[in-house]
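Quick look at target-v9.csv (CSV, C-alpha atoms):
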chain,number,residue,atom,x,y,z
A,404,MET,CA,-22.9,57.0,-9.7
A,405,GLY,CA,-26.5,57.1,-10.7
A,406,THR,CA,-29.1,54.3,-10.2
A,407,THR,CA,-29.3,53.6,-14.0
A,408,ASP,CA,-25.5,53.2,-14.1
A,409,LYS,CA,-25.6,50.7,-11.2
A,410,ILE,CA,-28.4,48.7,-12.8
A,411,ILE,CA,-26.6,48.5,-16.1
A,412,ARG,CA,-23.4,47.3,-14.4
A,413,ILE,CA,-25.2,44.7,-12.4
A,414,ALA,CA,-27.1,43.5,-15.5
A,415,ILE,CA,-23.8,43.2,-17.5
A,416,ALA,CA,-22.3,41.2,-14.6
A,417,GLY,CA,-25.3,38.9,-14.6
A,418,VAL,CA,-25.1,38.3,-18.4
A,419,VAL,CA,-21.4,37.4,-18.0
A,420,ALA,CA,-22.2,35.0,-15.2
A,421,ALA,CA,-25.0,33.4,-17.3
A,422,LEU,CA,-22.7,33.0,-20.3
A,423,TYR,CA,-20.1,31.3,-18.1
A,424,LEU,CA,-22.5,29.0,-16.4
A,425,THR,CA,-24.0,27.9,-19.7
A,426,ASN,CA,-20.4,27.2,-21.0
A,427,ILE,CA,-20.8,29.8,-23.8
A,428,ILE,CA,-17.6,31.5,-22.7
A,429,ASN,CA,-14.6,29.7,-21.3
A,430,GLY,CA,-10.8,29.9,-20.9
A,431,LEU,CA,-9.1,33.3,-21.1
A,432,THR,CA,-12.3,35.0,-22.3
A,433,ALA,CA,-14.2,33.8,-19.2
A,434,ILE,CA,-11.4,35.0,-16.9
A,435,ILE,CA,-11.2,38.4,-18.4
A,436,LEU,CA,-15.0,38.9,-18.5
A,437,GLY,CA,-15.3,37.5,-15.0
A,438,VAL,CA,-12.8,40.0,-13.6
A,439,LEU,CA,-14.6,42.8,-15.4
A,440,ALA,CA,-17.9,41.6,-14.0
A,441,LEU,CA,-16.5,41.6,-10.5
A,442,ILE,CA,-15.2,45.1,-11.0
A,443,PHE,CA,-18.7,46.2,-12.2
A,444,LEU,CA,-20.3,44.6,-9.2
A,445,ALA,CA,-17.9,46.2,-6.8
A,446,THR,CA,-18.2,49.7,-8.3
A,447,SER,CA,-22.0,49.5,-8.3
A,448,PHE,CA,-22.2,48.4,-4.7
A,449,ILE,CA,-19.8,51.1,-3.5
A,450,SER,CA,-21.3,53.7,-5.8
A,451,PHE,CA,-17.9,54.9,-7.1
A,452,CYS,CA,-16.1,54.3,-10.3
A,453,PRO,CA,-12.4,55.3,-10.2
A,454,LEU,CA,-12.4,55.9,-14.0
A,455,TYR,CA,-15.1,58.6,-13.7
A,456,TYR,CA,-13.1,60.7,-11.2
A,457,PRO,CA,-10.2,62.0,-13.4
A,458,PHE,CA,-12.7,62.9,-16.2
A,459,LYS,CA,-15.1,64.5,-13.7
A,460,ILE,CA,-18.0,62.3,-15.0
A,461,SER,CA,-21.1,61.9,-12.9
A,462,THR,CA,-24.1,59.8,-13.7
A,463,ARG,CA,-26.1,61.1,-10.7
A,464,LYS,CA,-29.2,63.2,-11.3
A,465,LYS,CA,-28.7,66.9,-10.7
A,466,ASN,CA,-30.9,68.6,-8.2
How does this structure look as structure tokens?
Amino acid sequence: MGTTDKIIRIAIAGVVAALYLTNIINGLTAIILGVLALIFLATSFISFCPLYYPFKISTRKKN
């Protein structure tokens, strides 16, 4: 997973957190987006996305 991919995932998780904390999203929407935000954070910190593997997608820069 490339650096840009990680930054985008962390930014999306931050936006979801901000929307939740400002009560713009709530209920089932908040739960679903919260789970997705946690998945984005986890995959960005471990630098691996399980959905990229079967499709042989890589966002790393090629040397």
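Using only C-alpha atoms, the smallest distance between any of A:Ile435, A:Thr462, A:Leu422, A:Tyr456 and A:Lys409 comes from A:Thr462.
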Test item: residues at most 10 Å from A:Thr407, all atoms listed in the file, excluding those fewer than 4 positions along its chain, as a ChimeraX atom specification: /A:411-413,462-464
All residues 12 Å or closer to A:Val418, all atoms listed in the file, same chain fewer than 3 positions away omitted, as a PyMOL selection string: chain A and resi 411-415+421-425+427-428+433+436-437+439-440+443
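You can rank A:Ile460, A:Met404, A:Cys452, A:Leu441 by their closest distance to A:Ala420 using only C-alpha atoms, and at the top of that list sits A:Leu441.
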Point (-24.6, 47.3, -7.3), cut-off 7 Å, counting all atoms listed in the file, residues as a PyMOL selection string: chain A and resi 409-410+413+444-448
Å distance separating atom CA of A:Pro453 from atom CA of A:Val419, one decimal place: 21.5 Å
Please, can stretch 422-442 of chain A be completed to N, CA, C and O atoms and returned as a PDB file, in the frame of the given file?
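Contents of the output file result.pdb:
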ATOM      1  N   LEU A 422     -23.463  33.544 -19.173  1.00  0.00           N
ATOM      2  CA  LEU A 422     -22.700  33.000 -20.300  1.00  0.00           C
ATOM      3  C   LEU A 422     -21.662  31.980 -19.797  1.00  0.00           C
ATOM      4  O   LEU A 422     -21.442  30.954 -20.437  1.00  0.00           O
ATOM      5  N   TYR A 423     -21.055  32.263 -18.649  1.00  0.00           N
ATOM      6  CA  TYR A 423     -20.100  31.300 -18.100  1.00  0.00           C
ATOM      7  C   TYR A 423     -20.755  30.043 -17.617  1.00  0.00           C
ATOM      8  O   TYR A 423     -20.285  28.943 -17.895  1.00  0.00           O
ATOM      9  N   LEU A 424     -21.854  30.178 -16.918  1.00  0.00           N
ATOM     10  CA  LEU A 424     -22.500  29.000 -16.400  1.00  0.00           C
ATOM     11  C   LEU A 424     -23.142  28.108 -17.429  1.00  0.00           C
ATOM     12  O   LEU A 424     -23.339  26.916 -17.205  1.00  0.00           O
ATOM     13  N   THR A 425     -23.445  28.670 -18.596  1.00  0.00           N
ATOM     14  CA  THR A 425     -24.000  27.900 -19.700  1.00  0.00           C
ATOM     15  C   THR A 425     -22.876  27.423 -20.657  1.00  0.00           C
ATOM     16  O   THR A 425     -23.163  26.923 -21.738  1.00  0.00           O
ATOM     17  N   ASN A 426     -21.622  27.635 -20.256  1.00  0.00           N
ATOM     18  CA  ASN A 426     -20.400  27.200 -21.000  1.00  0.00           C
ATOM     19  C   ASN A 426     -20.368  27.859 -22.424  1.00  0.00           C
ATOM     20  O   ASN A 426     -19.801  27.278 -23.348  1.00  0.00           O
ATOM     21  N   ILE A 427     -20.923  29.041 -22.557  1.00  0.00           N
ATOM     22  CA  ILE A 427     -20.800  29.800 -23.800  1.00  0.00           C
ATOM     23  C   ILE A 427     -19.433  30.445 -23.904  1.00  0.00           C
ATOM     24  O   ILE A 427     -18.835  30.533 -24.969  1.00  0.00           O
ATOM     25  N   ILE A 428     -18.950  30.911 -22.757  1.00  0.00           N
ATOM     26  CA  ILE A 428     -17.600  31.500 -22.700  1.00  0.00           C
ATOM     27  C   ILE A 428     -16.767  30.582 -21.780  1.00  0.00           C
ATOM     28  O   ILE A 428     -17.272  30.029 -20.808  1.00  0.00           O
ATOM     29  N   ASN A 429     -15.499  30.453 -22.097  1.00  0.00           N
ATOM     30  CA  ASN A 429     -14.600  29.700 -21.300  1.00  0.00           C
ATOM     31  C   ASN A 429     -13.164  30.130 -21.492  1.00  0.00           C
ATOM     32  O   ASN A 429     -12.903  30.967 -22.346  1.00  0.00           O
ATOM     33  N   GLY A 430     -12.257  29.597 -20.722  1.00  0.00           N
ATOM     34  CA  GLY A 430     -10.800  29.900 -20.900  1.00  0.00           C
ATOM     35  C   GLY A 430     -10.514  31.350 -20.535  1.00  0.00           C
ATOM     36  O   GLY A 430     -11.062  31.927 -19.598  1.00  0.00           O
ATOM     37  N   LEU A 431      -9.601  31.917 -21.305  1.00  0.00           N
ATOM     38  CA  LEU A 431      -9.100  33.300 -21.100  1.00  0.00           C
ATOM     39  C   LEU A 431     -10.247  34.301 -21.175  1.00  0.00           C
ATOM     40  O   LEU A 431     -10.313  35.256 -20.393  1.00  0.00           O
ATOM     41  N   THR A 432     -11.153  34.097 -22.111  1.00  0.00           N
ATOM     42  CA  THR A 432     -12.300  35.000 -22.300  1.00  0.00           C
ATOM     43  C   THR A 432     -13.128  35.044 -21.012  1.00  0.00           C
ATOM     44  O   THR A 432     -13.527  36.116 -20.548  1.00  0.00           O
ATOM     45  N   ALA A 433     -13.402  33.884 -20.433  1.00  0.00           N
ATOM     46  CA  ALA A 433     -14.200  33.800 -19.200  1.00  0.00           C
ATOM     47  C   ALA A 433     -13.484  34.492 -18.049  1.00  0.00           C
ATOM     48  O   ALA A 433     -14.120  35.173 -17.241  1.00  0.00           O
ATOM     49  N   ILE A 434     -12.176  34.341 -17.973  1.00  0.00           N
ATOM     50  CA  ILE A 434     -11.400  35.000 -16.900  1.00  0.00           C
ATOM     51  C   ILE A 434     -11.457  36.479 -17.009  1.00  0.00           C
ATOM     52  O   ILE A 434     -11.739  37.190 -16.037  1.00  0.00           O
ATOM     53  N   ILE A 435     -11.208  36.989 -18.206  1.00  0.00           N
ATOM     54  CA  ILE A 435     -11.200  38.400 -18.400  1.00  0.00           C
ATOM     55  C   ILE A 435     -12.577  39.031 -18.162  1.00  0.00           C
ATOM     56  O   ILE A 435     -12.723  40.029 -17.446  1.00  0.00           O
ATOM     57  N   LEU A 436     -13.613  38.423 -18.731  1.00  0.00           N
ATOM     58  CA  LEU A 436     -15.000  38.900 -18.500  1.00  0.00           C
ATOM     59  C   LEU A 436     -15.418  38.775 -17.084  1.00  0.00           C
ATOM     60  O   LEU A 436     -16.145  39.620 -16.556  1.00  0.00           O
ATOM     61  N   GLY A 437     -14.976  37.715 -16.434  1.00  0.00           N
ATOM     62  CA  GLY A 437     -15.300  37.500 -15.000  1.00  0.00           C
ATOM     63  C   GLY A 437     -14.703  38.584 -14.142  1.00  0.00           C
ATOM     64  O   GLY A 437     -15.363  39.091 -13.227  1.00  0.00           O
ATOM     65  N   VAL A 438     -13.461  38.929 -14.398  1.00  0.00           N
ATOM     66  CA  VAL A 438     -12.800  40.000 -13.600  1.00  0.00           C
ATOM     67  C   VAL A 438     -13.531  41.321 -13.862  1.00  0.00           C
ATOM     68  O   VAL A 438     -13.799  42.075 -12.914  1.00  0.00           O
ATOM     69  N   LEU A 439     -13.870  41.615 -15.105  1.00  0.00           N
ATOM     70  CA  LEU A 439     -14.600  42.800 -15.400  1.00  0.00           C
ATOM     71  C   LEU A 439     -15.975  42.845 -14.714  1.00  0.00           C
ATOM     72  O   LEU A 439     -16.421  43.870 -14.200  1.00  0.00           O
ATOM     73  N   ALA A 440     -16.643  41.695 -14.704  1.00  0.00           N
ATOM     74  CA  ALA A 440     -17.900  41.600 -14.000  1.00  0.00           C
ATOM     75  C   ALA A 440     -17.802  41.848 -12.538  1.00  0.00           C
ATOM     76  O   ALA A 440     -18.636  42.538 -11.940  1.00  0.00           O
ATOM     77  N   LEU A 441     -16.752  41.314 -11.927  1.00  0.00           N
ATOM     78  CA  LEU A 441     -16.500  41.600 -10.500  1.00  0.00           C
ATOM     79  C   LEU A 441     -16.250  43.037 -10.220  1.00  0.00           C
ATOM     80  O   LEU A 441     -16.721  43.589  -9.225  1.00  0.00           O
ATOM     81  N   ILE A 442     -15.505  43.670 -11.110  1.00  0.00           N
ATOM     82  CA  ILE A 442     -15.200  45.100 -11.000  1.00  0.00           C
ATOM     83  C   ILE A 442     -16.542  45.889 -11.102  1.00  0.00           C
ATOM     84  O   ILE A 442     -16.799  46.814 -10.324  1.00  0.00           O
TER      85      ILE A 442
END
